[in-house]
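Listing of upload_10.txt, compact mmCIF, C-alpha atoms
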# COMPACT_ATOMS: atom_id res chain seq x y z
CA MET A 17 -39.22 -8.55 21.32
CA LYS A 18 -41.71 -5.78 22.04
CA HIS A 19 -40.68 -2.30 23.13
CA PRO A 20 -42.97 -0.98 25.87
CA HIS A 21 -41.98 2.67 25.37
CA PRO A 22 -41.39 4.76 22.25
CA ALA A 23 -37.70 5.28 21.42
CA SER A 24 -36.02 8.51 22.55
CA CYS A 25 -33.50 10.71 20.72
CA GLN A 26 -30.80 9.39 23.01
CA GLU A 27 -31.58 5.76 22.08
CA VAL A 28 -31.39 6.68 18.40
CA LEU A 29 -28.09 8.44 18.92
CA TRP A 30 -26.53 5.52 20.76
CA GLN A 31 -27.48 3.19 17.91
CA ILE A 32 -26.73 5.68 15.16
CA ASN A 33 -23.65 3.87 13.82
CA ALA A 34 -25.34 0.49 13.65
CA TYR A 35 -28.41 2.20 12.19
CA ILE A 36 -26.62 3.95 9.32
CA ASP A 37 -24.46 0.86 8.69
CA GLY A 38 -27.61 -1.26 8.43
CA GLU A 39 -26.43 -3.53 11.25
CA LEU A 40 -29.47 -3.32 13.54
CA ASP A 41 -31.85 -6.20 13.95
CA PRO A 42 -35.12 -5.46 12.14
CA ASP A 43 -37.18 -5.19 15.32
CA LEU A 44 -34.94 -2.56 16.94
CA CYS A 45 -34.63 -0.79 13.59
CA SER A 46 -38.40 -0.33 13.22
CA HIS A 47 -38.63 0.73 16.90
CA LEU A 48 -36.10 3.52 16.23
CA GLU A 49 -37.60 4.42 12.87
CA ALA A 50 -40.97 5.04 14.49
CA HIS A 51 -39.23 7.80 16.47
CA ILE A 52 -37.07 9.07 13.60
CA GLU A 53 -40.08 9.55 11.31
CA ASN A 54 -41.48 12.13 13.72
CA CYS A 55 -38.25 13.73 14.93
CA PRO A 56 -36.75 16.35 12.60
CA ASP A 57 -33.63 16.71 14.82
CA CYS A 58 -32.78 13.00 14.59
CA GLN A 59 -33.40 13.12 10.84
CA ILE A 60 -30.95 16.00 10.49
CA VAL A 61 -28.26 14.33 12.60
CA ILE A 62 -28.63 11.07 10.64
CA ASN A 63 -28.62 12.77 7.23
CA THR A 64 -25.65 15.02 7.99
CA LEU A 65 -23.75 12.09 9.51
CA LYS A 66 -24.31 10.01 6.36
CA LYS A 67 -23.25 12.96 4.22
CA THR A 68 -20.12 13.47 6.35
CA ILE A 69 -19.03 9.88 5.76
CA GLN A 70 -19.86 10.06 2.06
CA LEU A 71 -17.79 13.25 1.61
CA CYS A 72 -14.78 11.63 3.27
CA GLN A 73 -15.16 8.59 1.02
CA ASP A 74 -15.46 10.75 -2.10
CA ASP A 75 -12.31 12.62 -1.08
CA ARG A 76 -10.38 9.34 -0.87
CA ASP A 77 -10.41 8.95 -4.64
CA THR A 78 -8.54 12.22 -5.09
CA ILE A 79 -5.40 10.74 -3.48
CA ALA A 80 -2.87 8.82 -5.53
CA LEU A 81 0.74 7.89 -4.89
CA PRO A 82 2.85 10.41 -6.82
CA PRO A 83 5.01 8.75 -9.56
CA GLU A 84 8.25 10.06 -8.00
CA ALA A 85 7.27 8.54 -4.64
CA TRP A 86 6.61 5.23 -6.41
CA ASP A 87 10.09 5.35 -7.97
CA ARG A 88 11.70 6.12 -4.61
CA LEU A 89 9.74 3.30 -2.98
CA LEU A 90 11.07 0.76 -5.48
CA VAL A 91 14.63 2.04 -5.00
CA SER A 92 14.30 1.82 -1.20
CA LEU A 93 13.16 -1.80 -1.55
CA GLY A 94 15.80 -2.72 -4.11
CA LEU A 95 13.04 -3.53 -6.60
CA ASN A 96 13.78 -0.87 -9.19
CA ASP A 97 15.18 -3.40 -11.68
CA GLU A 98 11.84 -5.17 -11.68
CA ASP A 99 9.88 -2.04 -12.39
CA ASP A 100 7.58 -2.32 -15.34
CA LYS A 101 5.64 0.75 -14.41
CA GLU A 102 2.11 0.99 -15.68
CA MET B 27 1.25 1.54 -8.77
CA THR B 28 -1.80 -0.03 -10.22
CA ASN B 29 -4.54 -1.39 -8.03
CA GLN B 30 -5.54 -4.05 -10.54
CA ILE B 31 -3.61 -6.72 -8.63
CA ILE B 32 -5.28 -8.14 -5.53
CA SER B 33 -2.64 -8.72 -2.89
CA ASP B 34 -4.31 -11.85 -1.52
CA ALA B 35 -4.00 -13.50 -4.92
CA ILE B 36 -0.19 -13.26 -4.71
CA ASP B 37 1.62 -16.51 -3.93
CA LEU B 38 2.43 -16.36 -0.22
CA ALA B 39 5.12 -19.01 -0.52
CA ALA B 40 6.88 -16.86 -3.11
CA LEU B 41 6.62 -13.84 -0.82
CA ARG B 42 8.10 -15.88 2.03
CA ARG B 43 11.00 -16.88 -0.24
CA LYS B 44 11.45 -13.11 -0.73
CA ASP B 45 10.86 -13.55 -4.43
CA LYS B 46 11.31 -10.11 -5.95
CA ASP B 47 8.61 -10.53 -8.59
CA ALA B 48 6.05 -11.53 -6.00
CA PHE B 49 7.07 -8.68 -3.74
CA THR B 50 6.86 -6.19 -6.59
CA GLN B 51 3.32 -7.43 -7.21
CA LEU B 52 2.49 -6.83 -3.56
CA VAL B 53 3.91 -3.31 -3.67
CA LYS B 54 1.92 -2.60 -6.81
CA ALA B 55 -1.27 -3.93 -5.27
CA ASP B 56 -1.16 -2.16 -1.94
CA SER B 57 1.20 0.85 -2.03
CA GLY B 58 -1.57 3.23 -3.09
CA LYS B 59 -3.85 2.41 -0.18
CA ILE B 60 -0.99 2.42 2.36
CA TYR B 61 0.13 5.83 1.11
CA ARG B 62 -3.43 7.18 1.29
CA LEU B 63 -3.90 5.95 4.85
CA ALA B 64 -0.53 7.38 5.90
CA LEU B 65 -1.28 10.72 4.26
CA LYS B 66 -4.64 10.98 6.02
CA MET B 67 -3.10 9.94 9.34
CA LEU B 68 -0.18 12.37 9.11
CA ALA B 69 -1.40 15.18 6.82
CA ASN B 70 2.12 15.50 5.40
CA GLU B 71 3.31 14.06 2.08
CA GLN B 72 6.91 13.47 3.11
CA ASP B 73 5.88 11.74 6.34
CA ALA B 74 3.38 9.63 4.39
CA GLU B 75 6.11 8.57 1.96
CA ASP B 76 8.43 7.68 4.86
CA VAL B 77 5.71 5.54 6.43
CA LEU B 78 5.01 3.90 3.07
CA GLN B 79 8.69 2.97 2.64
CA GLU B 80 9.06 1.74 6.24
CA THR B 81 5.91 -0.36 5.90
CA PHE B 82 7.16 -2.26 2.89
CA ILE B 83 10.73 -2.52 4.20
CA LYS B 84 9.37 -4.10 7.40
CA ALA B 85 6.97 -6.29 5.44
CA TYR B 86 9.84 -7.57 3.30
CA LYS B 87 12.02 -8.27 6.33
CA ASN B 88 9.27 -9.90 8.37
CA ILE B 89 7.10 -11.62 5.76
CA GLU B 90 7.80 -15.02 7.38
CA THR B 91 5.95 -13.81 10.50
CA PHE B 92 2.78 -13.26 8.43
CA GLU B 93 0.75 -16.38 9.08
CA GLY B 94 -1.86 -15.88 6.39
CA ARG B 95 -4.79 -15.93 8.79
CA SER B 96 -5.82 -12.41 7.81
CA LYS B 97 -5.64 -10.58 4.50
CA ILE B 98 -2.13 -9.48 3.70
CA SER B 99 -3.42 -5.92 3.24
CA THR B 100 -4.72 -6.01 6.84
CA TRP B 101 -1.22 -6.98 7.99
CA LEU B 102 0.29 -4.12 5.95
CA TYR B 103 -2.24 -1.65 7.36
CA ARG B 104 -1.22 -2.73 10.86
CA ILE B 105 2.45 -2.07 10.16
CA ALA B 106 1.58 1.30 8.55
CA VAL B 107 -0.67 2.45 11.41
CA ASN B 108 2.01 1.55 13.96
CA GLU B 109 4.63 3.43 11.95
CA ALA B 110 2.36 6.46 11.63
CA LEU B 111 1.53 6.48 15.35
CA MET B 112 5.23 6.21 16.23
CA LEU B 113 6.00 9.19 14.01
CA ILE B 114 3.17 11.20 15.57
CA ARG B 115 4.40 10.41 19.10
CA LYS B 116 7.91 11.46 18.15
CA ARG B 117 6.63 14.78 16.81
CA LYS B 118 4.22 15.99 19.44
CA PRO B 119 3.24 15.66 23.09
CA ALA B 120 0.16 13.72 24.18
CA GLN B 121 -3.10 15.13 22.86
CA VAL B 122 -5.99 16.61 24.74
CA ASP B 123 -8.97 14.33 24.19
CA LEU B 124 -11.89 16.31 22.80
CA ASP B 125 -14.37 13.45 23.09
CA ALA B 126 -15.68 14.83 26.36
CA GLU B 127 -17.26 17.70 24.47
CA ILE B 128 -19.56 15.40 22.60
CA ILE B 129 -20.12 12.60 25.09
CA THR B 130 -20.93 13.83 28.58
CA GLU B 131 -19.64 12.33 31.84
CA SER B 132 -22.93 10.53 32.30
CA GLY B 133 -22.39 8.91 28.91
CA GLU B 134 -25.01 10.96 27.10
CA PHE B 135 -24.32 11.97 23.55
CA VAL B 136 -25.24 15.57 22.87
CA PRO B 137 -25.02 16.88 19.32
CA ARG B 138 -23.94 20.50 19.50
CA GLN B 139 -25.33 21.59 16.17
CA ILE B 140 -28.53 20.64 14.40
CA VAL B 141 -28.36 22.25 10.97
CA ASP B 142 -29.50 20.49 7.82
CA TRP B 143 -26.69 21.33 5.42
CA CYS B 144 -27.38 18.32 3.17
CA CYS B 145 -29.63 20.62 1.11
CA LEU B 146 -26.68 22.75 -0.04
CA PRO B 147 -26.05 22.63 -3.80
CA GLU B 148 -23.80 19.74 -4.84
CA GLU B 149 -21.08 22.11 -6.10
CA GLU B 150 -20.50 23.23 -2.49
CA PHE B 151 -19.31 19.72 -1.66
CA VAL B 152 -16.78 19.35 -4.46
CA ARG B 153 -14.94 22.66 -4.05
CA SER B 154 -11.23 22.42 -3.16
CA GLU B 155 -11.92 24.52 -0.06
CA THR B 156 -14.38 21.86 1.07
CA ARG B 157 -11.79 19.13 0.54
CA GLN B 158 -9.35 21.08 2.70
CA VAL B 159 -11.98 21.40 5.42
CA ILE B 160 -12.64 17.64 5.29
CA ASN B 161 -8.91 17.02 5.72
CA LEU B 162 -8.72 19.50 8.60
CA GLY B 163 -11.65 17.74 10.23
CA ILE B 164 -9.96 14.34 9.91
CA LYS B 165 -6.74 15.84 11.27
CA SER B 166 -8.58 17.29 14.27
CA LEU B 167 -9.63 13.82 15.50
CA SER B 168 -7.60 12.07 18.17
CA ASP B 169 -5.02 9.68 16.68
CA ALA B 170 -6.90 6.61 17.92
CA ASN B 171 -10.28 7.78 16.59
CA ARG B 172 -8.77 8.97 13.32
CA ALA B 173 -7.17 5.57 12.66
CA ALA B 174 -10.48 3.81 13.38
CA PHE B 175 -12.39 6.15 11.06
CA LEU B 176 -9.89 5.94 8.19
CA LEU B 177 -9.68 2.15 8.28
CA ARG B 178 -13.40 1.55 8.58
CA ASP B 179 -15.01 4.36 6.60
CA VAL B 180 -12.36 5.51 4.14
CA GLU B 181 -10.45 2.29 3.45
CA GLY B 182 -13.62 0.21 3.77
CA LEU B 183 -12.35 -2.48 6.15
CA SER B 184 -14.93 -4.46 8.11
CA THR B 185 -15.27 -3.80 11.84
CA ARG B 186 -13.40 -7.06 12.53
CA GLU B 187 -10.54 -6.21 10.15
CA ALA B 188 -10.17 -2.65 11.45
CA ALA B 189 -10.14 -3.94 15.05
CA GLU B 190 -7.50 -6.47 14.06
CA VAL B 191 -5.29 -3.78 12.50
CA LEU B 192 -5.52 -1.65 15.64
CA GLN B 193 -5.27 -4.69 17.93
CA ILE B 194 -8.36 -3.72 19.90
CA SER B 195 -11.72 -5.40 20.47
CA GLU B 196 -14.56 -4.88 18.00
CA SER B 197 -16.57 -3.05 20.66
CA ALA B 198 -13.65 -0.65 21.32
CA LEU B 199 -13.41 -0.08 17.57
CA LYS B 200 -17.12 0.75 17.42
CA VAL B 201 -16.78 3.32 20.21
CA ARG B 202 -13.83 5.00 18.48
CA LEU B 203 -15.66 4.99 15.17
CA MET B 204 -18.76 6.54 16.67
CA ARG B 205 -16.78 9.32 18.33
CA ALA B 206 -14.84 10.00 15.15
CA ARG B 207 -17.94 10.15 12.98
CA LEU B 208 -19.82 12.41 15.38
CA GLU B 209 -16.86 14.76 15.85
CA LEU B 210 -16.42 15.01 12.11
CA ARG B 211 -20.11 15.70 11.65
CA GLU B 212 -19.85 18.57 14.14
CA PHE B 213 -16.75 19.89 12.37
CA LEU B 214 -18.39 19.86 8.95
CA THR B 215 -21.67 21.22 10.32
CA GLU B 216 -19.80 24.22 11.71
CA TYR B 217 -18.30 24.86 8.28
CA PHE B 218 -21.39 24.24 6.16
CA SER B 219 -23.69 26.22 8.48
CA GLY B 220 -21.63 29.26 7.53
CA LYS B 221 -22.25 28.48 3.88
CA MET B 222 -26.02 28.33 4.13
CA PRO B 223 -26.81 32.07 4.33
CA GLU B 224 -24.31 32.74 1.51
CA VAL B 225 -26.15 30.31 -0.73
CA ALA B 226 -29.55 31.69 0.24
CA GLN B 227 -28.57 35.21 -0.80

Serialized structure, structure tokens:
Amino acid sequence: MKHPHPASCQEVLWQINAYIDGELDPDLCSHLEAHIENCPDCQIVINTLKKTIQLCQDDRDTIALPPEAWDRLLVSLGLNDEDDKE
Amino acid sequence: MTNQIISDAIDLAALRRKDKDAFTQLVKADSGKIYRLALKMLANEQDAEDVLQETFIKAYKNIETFEGRSKISTWLYRIAVNEALMLIRKRKPAQVDLDAEIITESGEFVPRQIVDWCCLPEEEFVRSETRQVINLGIKSLSDANRAAFLLRDVEGLSTREAAEVLQISESALKVRLMRARLELREFLTEYFSGKMPEVAQ
């Protein structure tokens, strides 16, 4: 499929999720990338969006179930006899 | 408590018989991720623990209704999200939807802030203040968009799995995810823009 017009910022923004998730078909991807290469604003939005997601993912590893909550969970389920906590 | 066990490797027939060993394995495999999701949905440790307990109590009671067509963790996520949303509804009135600020009536997406904060030094991103801001940003999303974002981007479910948990279409999931990501980007941009002059000095 050929694209008669260059992509606009708005087209990039509407496809931004699929673009950063690598889910676009190669033809549409290169059509958008031709715009992105020359558009500092789109580059900033894409880079800061990727960084936003990455920061939220990094933060996920800081959360663990507290040991007391684990004990209470087993008691609430009547599984505390089976507990061989690791 | 450990995540070494994969819940889908647990014998479903044993779970259906309500075998305590099998159920303990399931709790060990998935309690951490259910707690994390609940904590991010509710931003309160006690509420997250309540949701965690309710999720596994309901799973134990209703395991025979799990047909095995999806991952068992997807089924648990669905119970947990429903429990969390029920708790939220009990606690507060309906929310004002902020999506309109970022997506105009004509359907155009307009980023409010274009600031390249990716160039900040890495230590800016690992400070505890930054982690609090990330959590505030997640909390500021609408409940529906927050659930979509947490399942897809934080818990790492596929679009199909996340849509299945929320019982919506994949296209509806994608719309919620886009709004959540863009709102969060705006939220963090506001915060990090304020950091840029400080760093430059």

Each residue of chain B lying at most 9 Å from chain A should get a row with its shortest atom-to-atom pair and the distance in Å to one decimal, counting all atoms listed in the file; could you produce that, ordered by chain and increasing number, as CSV?
residue,atom,partner,partner_atom,distance
B:Met27,CA,A:Trp86,CA,6.9
B:Thr28,CA,A:Glu102,CA,6.8
B:Lys46,CA,A:Leu95,CA,6.8
B:Asp47,CA,A:Glu98,CA,7.0
B:Phe49,CA,A:Leu95,CA,8.4
B:Thr50,CA,A:Leu95,CA,6.7
B:Val53,CA,A:Leu90,CA,8.4
B:Ser57,CA,A:Leu81,CA,7.6
B:Gly58,CA,A:Leu81,CA,5.5
B:Lys59,CA,A:Ala80,CA,8.4
B:Tyr61,CA,A:Leu81,CA,6.4
B:Arg62,CA,A:Ile79,CA,6.3
B:Leu65,CA,A:Ile79,CA,8.8
B:Glu75,CA,A:Ala85,CA,6.7
B:Leu78,CA,A:Leu89,CA,7.7
B:Gln79,CA,A:Leu89,CA,5.7
B:Phe82,CA,A:Leu93,CA,7.5
B:Ile83,CA,A:Leu93,CA,6.3
B:Tyr86,CA,A:Leu93,CA,8.2
B:Glu134,CA,A:Gln26,CA,7.3
B:Phe135,CA,A:Leu29,CA,6.9
B:Val136,CA,A:Gln26,CA,8.3
B:Pro137,CA,A:Val61,CA,7.9
B:Gln139,CA,A:Val61,CA,8.6
B:Ile140,CA,A:Asp57,CA,6.5
B:Val141,CA,A:Ile60,CA,6.8
B:Asp142,CA,A:Ile60,CA,5.4
B:Trp143,CA,A:Thr64,CA,6.9
B:Cys144,CA,A:Thr64,CA,6.1
B:Phe151,CA,A:Leu71,CA,7.4
B:Val152,CA,A:Leu71,CA,8.7
B:Arg157,CA,A:Asp75,CA,6.7
B:Ile160,CA,A:Cys72,CA,6.7
B:Asn161,CA,A:Cys72,CA,8.3
B:Ile164,CA,A:Cys72,CA,8.6
B:Leu176,CA,A:Cys72,CA,9.0
B:Asp179,CA,A:Ile69,CA,6.9
B:Val180,CA,A:Gln73,CA,5.2
B:Glu181,CA,A:Gln73,CA,8.2
B:Gly182,CA,A:Gln73,CA,9.0
B:Lys200,CA,A:Asn33,CA,8.1
B:Leu203,CA,A:Asn33,CA,8.2
B:Met204,CA,A:Asn33,CA,6.3
B:Arg207,CA,A:Leu65,CA,7.0
B:Leu208,CA,A:Leu65,CA,7.1
B:Leu210,CA,A:Thr68,CA,7.0
B:Arg211,CA,A:Leu65,CA,5.6
B:Glu212,CA,A:Leu65,CA,8.9
B:Leu214,CA,A:Thr68,CA,7.1
B:Thr215,CA,A:Thr64,CA,7.7

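Taking CA of Ala170 in chain B and CA of Asp76 in chain B as endpoints, the distance between them is 20.2 Å.
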
Please measure the separation of CA of Glu53 in chain A and CA of Cys145 in chain B, giving the value in Å to one decimal.
-> 18.3 Å

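For the pair CA of Ser168 in chain B and CA of Arg205 in chain B, the separation is 9.6 Å.
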
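Among the candidate residues B:Glu148, B:Asp169, B:Asp34, B:Glu90, the one lying nearest to Val107 in chain B is B:Asp169, with distances computed using only C-alpha atoms.
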
Rebuild range 65-94 of chain A so that it carries N, CA and C atoms, then output the result as a PDB file, keeping the file's coordinate frame.
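Wrote result-v1.pdb, looks like this:
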ATOM      1  N   LEU A  65     -24.783  13.076   9.194  1.00  0.00           N
ATOM      2  CA  LEU A  65     -23.750  12.090   9.510  1.00  0.00           C
ATOM      3  C   LEU A  65     -23.444  11.227   8.277  1.00  0.00           C
ATOM      4  N   LYS A  66     -24.503  10.799   7.595  1.00  0.00           N
ATOM      5  CA  LYS A  66     -24.310  10.010   6.360  1.00  0.00           C
ATOM      6  C   LYS A  66     -23.534  10.823   5.329  1.00  0.00           C
ATOM      7  N   LYS A  67     -23.903  12.100   5.216  1.00  0.00           N
ATOM      8  CA  LYS A  67     -23.250  12.960   4.220  1.00  0.00           C
ATOM      9  C   LYS A  67     -21.774  13.171   4.593  1.00  0.00           C
ATOM     10  N   THR A  68     -21.495  13.311   5.882  1.00  0.00           N
ATOM     11  CA  THR A  68     -20.120  13.470   6.350  1.00  0.00           C
ATOM     12  C   THR A  68     -19.266  12.288   5.898  1.00  0.00           C
ATOM     13  N   ILE A  69     -19.783  11.086   6.124  1.00  0.00           N
ATOM     14  CA  ILE A  69     -19.030   9.880   5.760  1.00  0.00           C
ATOM     15  C   ILE A  69     -18.849   9.805   4.246  1.00  0.00           C
ATOM     16  N   GLN A  70     -19.929  10.126   3.526  1.00  0.00           N
ATOM     17  CA  GLN A  70     -19.860  10.060   2.060  1.00  0.00           C
ATOM     18  C   GLN A  70     -18.817  11.047   1.507  1.00  0.00           C
ATOM     19  N   LEU A  71     -18.756  12.253   2.090  1.00  0.00           N
ATOM     20  CA  LEU A  71     -17.790  13.250   1.610  1.00  0.00           C
ATOM     21  C   LEU A  71     -16.363  12.776   1.841  1.00  0.00           C
ATOM     22  N   CYS A  72     -16.131  12.143   2.980  1.00  0.00           N
ATOM     23  CA  CYS A  72     -14.780  11.630   3.270  1.00  0.00           C
ATOM     24  C   CYS A  72     -14.428  10.495   2.316  1.00  0.00           C
ATOM     25  N   GLN A  73     -15.412   9.685   1.970  1.00  0.00           N
ATOM     26  CA  GLN A  73     -15.160   8.590   1.020  1.00  0.00           C
ATOM     27  C   GLN A  73     -14.900   9.131  -0.385  1.00  0.00           C
ATOM     28  N   ASP A  74     -15.666  10.157  -0.776  1.00  0.00           N
ATOM     29  CA  ASP A  74     -15.460  10.750  -2.100  1.00  0.00           C
ATOM     30  C   ASP A  74     -14.053  11.342  -2.199  1.00  0.00           C
ATOM     31  N   ASP A  75     -13.613  11.950  -1.095  1.00  0.00           N
ATOM     32  CA  ASP A  75     -12.310  12.620  -1.080  1.00  0.00           C
ATOM     33  C   ASP A  75     -11.170  11.617  -1.250  1.00  0.00           C
ATOM     34  N   ARG A  76     -11.400  10.385  -0.819  1.00  0.00           N
ATOM     35  CA  ARG A  76     -10.380   9.340  -0.870  1.00  0.00           C
ATOM     36  C   ARG A  76      -9.891   9.113  -2.299  1.00  0.00           C
ATOM     37  N   ASP A  77     -10.791   9.238  -3.255  1.00  0.00           N
ATOM     38  CA  ASP A  77     -10.410   8.950  -4.640  1.00  0.00           C
ATOM     39  C   ASP A  77      -9.543  10.035  -5.260  1.00  0.00           C
ATOM     40  N   THR A  78      -9.385  11.147  -4.552  1.00  0.00           N
ATOM     41  CA  THR A  78      -8.540  12.220  -5.090  1.00  0.00           C
ATOM     42  C   THR A  78      -7.064  11.987  -4.741  1.00  0.00           C
ATOM     43  N   ILE A  79      -6.785  10.966  -3.920  1.00  0.00           N
ATOM     44  CA  ILE A  79      -5.400  10.740  -3.480  1.00  0.00           C
ATOM     45  C   ILE A  79      -4.767   9.593  -4.240  1.00  0.00           C
ATOM     46  N   ALA A  80      -3.614   9.884  -4.852  1.00  0.00           N
ATOM     47  CA  ALA A  80      -2.870   8.820  -5.530  1.00  0.00           C
ATOM     48  C   ALA A  80      -1.400   8.961  -5.156  1.00  0.00           C
ATOM     49  N   LEU A  81      -0.696   7.855  -5.179  1.00  0.00           N
ATOM     50  CA  LEU A  81       0.740   7.890  -4.890  1.00  0.00           C
ATOM     51  C   LEU A  81       1.448   8.612  -6.038  1.00  0.00           C
ATOM     52  N   PRO A  82       2.183   9.698  -5.732  1.00  0.00           N
ATOM     53  CA  PRO A  82       2.850  10.410  -6.820  1.00  0.00           C
ATOM     54  C   PRO A  82       3.893   9.506  -7.501  1.00  0.00           C
ATOM     55  N   PRO A  83       4.068   9.626  -8.842  1.00  0.00           N
ATOM     56  CA  PRO A  83       5.010   8.750  -9.560  1.00  0.00           C
ATOM     57  C   PRO A  83       6.429   8.785  -8.987  1.00  0.00           C
ATOM     58  N   GLU A  84       6.886   9.976  -8.541  1.00  0.00           N
ATOM     59  CA  GLU A  84       8.250  10.060  -8.000  1.00  0.00           C
ATOM     60  C   GLU A  84       8.349   9.258  -6.700  1.00  0.00           C
ATOM     61  N   ALA A  85       7.272   9.287  -5.905  1.00  0.00           N
ATOM     62  CA  ALA A  85       7.270   8.540  -4.640  1.00  0.00           C
ATOM     63  C   ALA A  85       7.286   7.039  -4.920  1.00  0.00           C
ATOM     64  N   TRP A  86       6.606   6.643  -5.990  1.00  0.00           N
ATOM     65  CA  TRP A  86       6.610   5.230  -6.410  1.00  0.00           C
ATOM     66  C   TRP A  86       8.033   4.798  -6.790  1.00  0.00           C
ATOM     67  N   ASP A  87       8.720   5.662  -7.565  1.00  0.00           N
ATOM     68  CA  ASP A  87      10.090   5.350  -7.970  1.00  0.00           C
ATOM     69  C   ASP A  87      10.997   5.217  -6.746  1.00  0.00           C
ATOM     70  N   ARG A  88      10.851   6.163  -5.814  1.00  0.00           N
ATOM     71  CA  ARG A  88      11.700   6.120  -4.610  1.00  0.00           C
ATOM     72  C   ARG A  88      11.382   4.880  -3.770  1.00  0.00           C
ATOM     73  N   LEU A  89      10.126   4.487  -3.753  1.00  0.00           N
ATOM     74  CA  LEU A  89       9.740   3.300  -2.980  1.00  0.00           C
ATOM     75  C   LEU A  89      10.447   2.059  -3.549  1.00  0.00           C
ATOM     76  N   LEU A  90      10.419   1.922  -4.869  1.00  0.00           N
ATOM     77  CA  LEU A  90      11.070   0.760  -5.480  1.00  0.00           C
ATOM     78  C   LEU A  90      12.567   0.759  -5.209  1.00  0.00           C
ATOM     79  N   VAL A  91      13.188   1.945  -5.274  1.00  0.00           N
ATOM     80  CA  VAL A  91      14.630   2.040  -5.000  1.00  0.00           C
ATOM     81  C   VAL A  91      14.893   1.625  -3.550  1.00  0.00           C
ATOM     82  N   SER A  92      14.071   2.124  -2.627  1.00  0.00           N
ATOM     83  CA  SER A  92      14.300   1.820  -1.200  1.00  0.00           C
ATOM     84  C   SER A  92      14.150   0.331  -0.921  1.00  0.00           C
ATOM     85  N   LEU A  93      13.375  -0.362  -1.755  1.00  0.00           N
ATOM     86  CA  LEU A  93      13.160  -1.800  -1.550  1.00  0.00           C
ATOM     87  C   LEU A  93      14.078  -2.651  -2.416  1.00  0.00           C
ATOM     88  N   GLY A  94      14.909  -1.973  -3.211  1.00  0.00           N
ATOM     89  CA  GLY A  94      15.800  -2.720  -4.110  1.00  0.00           C
ATOM     90  C   GLY A  94      15.032  -3.419  -5.217  1.00  0.00           C
TER      91      GLY A  94
END
